[in-house]
Structure formats: structure tokens, C-alpha cells
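Report on the structure given below.
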Amino acid sequence: LNSVLQILVNTPLIYHLSKIEKSHKCKYIGPSSVCFECELLKITKSCRLTIVSPNIIVKNLAHVNSRFKIGRQQDSHEFLLILLNGLSDVILNNFKGELQSRVSCTNGHNSDTIEKFIHISLDIHNSNTLTNCIKTYFMSSNIIKGYKCDKCHKLVDVRKQYSWRQMPNIIVFHLNRFDKFANKINKKIEIDEVINLNNQEYKIYGAVVHIGSRIDFGHYISFVVNNNGIWYQVYL
């Protein structure tokens, strides 16, 4: 939780909002009427001056997901998604994008679906760089058998492929480092400081890293990039 918050308080948009008077309505969480966004902005504003503790966020996570109980180990990525969905559209819309999913059958018929996202999970098995992980994600899939084509009116073989439709202002990539047996895929993934996606430039400014051999064992640390483009670890 702390590692994710360290990245968010170093997000330029959130830092900017923490310095101005809030003008939109609160999005309350749970019966205690807690606004996660108000708490996040308070933390962002105060952490430059003093030590802060996210007690209110911690105590109210269970209102969003009963699995998040104090003392239990949970996934940082899942916490990030819960927190983002608890924020107002002023912030959340900056993380939202759209993909087009196209299913193509062997008879040449296409079926397009629009999928909204606030993060993209990437497979790392056959890639050593973030750029290649992204390219693999947007490649055509292997043949999928037994798909009911609405135009063929029968079961056919198809392939599925994603393409960009609407780019978010802030993009979150999740590197899937665990196999189906919950074992860690402990390999180095190189990350370029700047990546170009669909003619839009993105600069990497933070990362949360899992340390440990299994999905149910270990802890997280966070890294952020300063104004000079230098990565440094945030100690908690």
C-alpha cells in the first residue's frame, strides 16, 4: 500500500491538485463517508513537509473489498485499481483509455468490440523489454477454435487482436511476474525512459517492484524518477 501511494503522490497531476482548492464533489467510500481522493490529496500535500500515515485509507479498504483486512498480505496492483476506482472522474479519467478488440474468422468476417481500461497487464515470458511486451500484447493471437461467428452462423476458427482506440493521459502497465503455479518469473525487464505509443509520447516516472519468490511471499518497494531523469528508491 505504501509503495503504491509513493508513486501516486509523485504523479504530477495529483501533486498539482493537492496544491489547489478542491472544486468537485467527494466520492464517498463505505458507511463512514470517507473520500479516498481527499485523503490522497492530504497525504500528497503533507508528505513534503512531515511524516504522514495513511490510516484512514487502510481502515476503510474493507468497505471496498472485504479481502483487504489489516494484517493480511495483498497484491499492490489490486490495491491500485481499487484506489483509482475510488477517486473522482477528475483524476480517474486521466487513467482511462480504450482498446479495440477485433475477432477475425477464417472466412474473412470481423467482429469489433470496444474495451475500456485503466491498466494493461502484460505477459513477460518471451520479452526482455517493456517495449517488446507491449508489441506482443498487440500481436494477433494464436488460432482460437470453436468460436461461434455471428456472420457465419457456425463454429469457426478465429484470431483475436487488440489495437489502440483512445489513449489515456497516464498509462499503467502491469507486468505479470507469476505463472499459473504462483511461482515468480524473476527476469530482468528493461524499461526505456520514454516510449512512443500510437504517436503519443509517455515518460516513465515510477514503478512498484515485488521482492520475493512467490505471490504469497515477499514485499514491495517503489522507485520514482526525479526531474533530472534519475531513478531513486523511495524508502518506507
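Please note that chains go A, B, ... in the order of the C-alpha cells, that every chain numbers its residues from 1, and that ligands are numbered from 1 in the order shown.
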*Residues at most 7 Å from Arg214 (chain A), counting only C-alpha atoms, excluding those fewer than 4 positions away in the same chain, as a ChimeraX atom specification?*
/A:182-184
*Mind checking which residues fall within 10 Å of Tyr28 (chain A), counting only C-alpha atoms, ignoring those fewer than 5 positions away in the same chain, and posting them as number ranges by chain?*
A: 33-38, 86-88
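Proximity to Leu130 (chain A) was assessed for A:Cys152, A:Ile70, A:Met167, A:Ile195 counting only C-alpha atoms; the smallest distance is recorded for A:Ile195.
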*Write out as a count of residues only which residues come within 12 Å of Leu40 (chain A) when counting only C-alpha atoms, dropping same-chain ones fewer than 2 positions away.*
37
*Determine which residues of region 168-236 of chain A receive a DSSP assignment of strand (DSSP E), computed from the backbone, and state them as a ChimeraX atom specification.*
/A:173-176,194-197,200-203,206-214,217-225,231-234
Skipping near chain neighbours, those fewer than 4 positions away, what residues fall within 12 Å of Gly71 (chain A) using only C-alpha atoms, listed as a compact mmCIF listing (two decimals) with N, CA, C and O atoms, in the first residue's frame?
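The file below, result_12.txt, is the result:
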```txt
# COMPACT_ATOMS: atom_id res chain seq x y z
N LEU A 1 0.84 -1.20 0.00
CA LEU A 1 0.00 0.00 0.00
C LEU A 1 0.87 1.25 0.00
O LEU A 1 0.64 2.18 -0.77
N VAL A 58 -6.32 2.87 4.96
CA VAL A 58 -6.15 1.48 5.38
C VAL A 58 -7.42 0.96 6.06
O VAL A 58 -7.92 -0.13 5.74
N LYS A 59 -7.94 1.73 6.98
CA LYS A 59 -9.09 1.28 7.77
C LYS A 59 -10.36 1.15 6.95
O LYS A 59 -11.28 0.43 7.34
N ARG A 67 -11.63 -8.53 1.32
CA ARG A 67 -10.35 -9.26 1.41
C ARG A 67 -9.26 -8.38 2.01
O ARG A 67 -8.29 -8.90 2.57
```
*CA of Ile204 (chain A) and CA of His24 (chain A) are how many Å apart?*
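These two atoms are separated by 28.4 Å.
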*Which residues in region 1-235 of chain A does DSSP call helix (DSSP H, G or I)? List them as a ChimeraX atom specification.*
/A:2-9,12-18,36-46,55-63,76-85,89-95,130-137
_Separation of CA of Asp192 (chain A) from CA of Asn132 (chain A), in Å and rounded to one decimal_ = 11.0 Å
*Suppose you want the space between CA of Leu175 (chain A) and CA of Ala207 (chain A); what is it in Å?*
10.6 Å
_Residues near Ser66 (chain A), anyone? I mean within 12 Å using only C-alpha atoms, not counting same-chain ones fewer than 6 positions away, as an MDAnalysis selection string._
chainID A and resid 30 59:60 72 74 82
*Selected residue of minimal separation from Gly218 (chain A) among A:Asp157, A:Glu21, A:Asp89, A:Asp75, counting only C-alpha atoms*: A:Asp75
_Best match for closeness to Lys145 (chain A) among A:Ser101, A:Thr106, A:Asn126, A:Asn94, counting only C-alpha atoms_ =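 Among the listed residues, A:Thr106 lies closest to Lys145 (chain A).
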*Check the smallest atom-to-atom distance from each of A:Phe217, A:Gln166, A:Arg177, A:Val172 to Asn199 (chain A) using only C-alpha atoms, then report the winner.*
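Smallest distance to Asn199 (chain A) is found for A:Gln166.
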Do you know which residues are at most 10 Å from Thr131 (chain A) counting only C-alpha atoms, after dropping those on the same chain fewer than 4 positions away, and could you put them as a CSV table (one decimal) with all heavy atoms, in the first residue's frame?
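As a result, selection_7.csv now contains:
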```
chain,number,residue,atom,x,y,z
A,127,SER,N,9.7,-11.8,-23.6
A,127,SER,CA,10.2,-10.5,-23.8
A,127,SER,C,11.1,-10.1,-22.7
A,127,SER,O,11.0,-10.5,-21.6
A,127,SER,CB,9.0,-9.5,-23.9
A,127,SER,OG,8.2,-9.8,-25.0
A,135,LYS,N,4.5,-4.7,-27.6
A,135,LYS,CA,4.3,-5.2,-29.0
A,135,LYS,C,3.6,-6.6,-29.0
A,135,LYS,O,2.8,-6.8,-29.9
A,135,LYS,CB,5.7,-5.2,-29.7
A,135,LYS,CG,6.2,-3.9,-30.1
A,135,LYS,CD,7.6,-4.0,-30.8
A,135,LYS,CE,8.1,-2.6,-31.1
A,135,LYS,NZ,9.4,-2.7,-31.8
A,136,THR,N,4.1,-7.5,-28.1
A,136,THR,CA,3.5,-8.8,-28.1
A,136,THR,C,2.0,-8.8,-27.7
A,136,THR,O,1.2,-9.5,-28.3
A,136,THR,CB,4.2,-9.6,-27.0
A,136,THR,OG1,5.6,-9.7,-27.4
A,136,THR,CG2,3.6,-11.1,-26.9
A,189,ILE,N,13.5,-7.0,-16.8
A,189,ILE,CA,12.7,-6.3,-17.9
A,189,ILE,C,13.2,-4.9,-18.0
A,189,ILE,O,13.1,-4.1,-17.1
A,189,ILE,CB,11.2,-6.3,-17.7
A,189,ILE,CG1,10.7,-7.7,-17.5
A,189,ILE,CG2,10.5,-5.6,-18.8
A,189,ILE,CD1,10.8,-8.5,-18.7
A,190,GLU,N,13.9,-4.6,-19.2
A,190,GLU,CA,14.4,-3.2,-19.4
A,190,GLU,C,13.3,-2.2,-19.7
A,190,GLU,O,12.3,-2.6,-20.5
A,190,GLU,CB,15.4,-3.2,-20.5
A,190,GLU,CG,16.7,-4.0,-20.2
A,190,GLU,CD,17.7,-3.9,-21.2
A,190,GLU,OE1,17.5,-3.1,-22.2
A,190,GLU,OE2,18.8,-4.6,-21.1
A,191,ILE,N,13.3,-1.0,-19.1
A,191,ILE,CA,12.3,0.0,-19.3
A,191,ILE,C,13.0,1.2,-19.8
A,191,ILE,O,13.8,1.8,-19.2
A,191,ILE,CB,11.6,0.3,-18.0
A,191,ILE,CG1,10.9,-1.0,-17.5
A,191,ILE,CG2,10.5,1.4,-18.2
A,191,ILE,CD1,10.2,-0.8,-16.1
A,192,ASP,N,12.5,1.7,-21.0
A,192,ASP,CA,13.1,2.9,-21.6
A,192,ASP,C,12.4,4.1,-20.9
A,192,ASP,O,11.3,4.0,-20.4
A,192,ASP,CB,12.7,3.0,-23.1
A,192,ASP,CG,13.5,2.0,-23.9
A,192,ASP,OD1,14.6,1.7,-23.5
A,192,ASP,OD2,12.9,1.5,-24.9
A,195,ILE,N,8.7,6.1,-24.0
A,195,ILE,CA,8.2,5.2,-25.0
A,195,ILE,C,7.1,5.9,-25.8
A,195,ILE,O,6.4,6.8,-25.3
A,195,ILE,CB,7.6,3.9,-24.4
A,195,ILE,CG1,6.5,4.3,-23.4
A,195,ILE,CG2,8.7,3.1,-23.7
A,195,ILE,CD1,5.8,3.0,-22.8
A,196,ASN,N,7.0,5.5,-27.1
A,196,ASN,CA,6.0,6.1,-28.0
A,196,ASN,C,4.9,5.1,-28.3
A,196,ASN,O,5.3,4.0,-28.8
A,196,ASN,CB,6.7,6.6,-29.3
A,196,ASN,CG,7.5,7.8,-29.1
A,196,ASN,OD1,7.0,8.9,-29.0
A,196,ASN,ND2,8.8,7.7,-29.0
A,197,LEU,N,3.7,5.4,-28.0
A,197,LEU,CA,2.6,4.5,-28.2
A,197,LEU,C,1.5,5.2,-29.0
A,197,LEU,O,1.0,6.2,-28.6
A,197,LEU,CB,2.0,4.1,-26.9
A,197,LEU,CG,2.9,3.4,-25.9
A,197,LEU,CD1,2.3,3.1,-24.6
A,197,LEU,CD2,3.4,2.0,-26.5
```
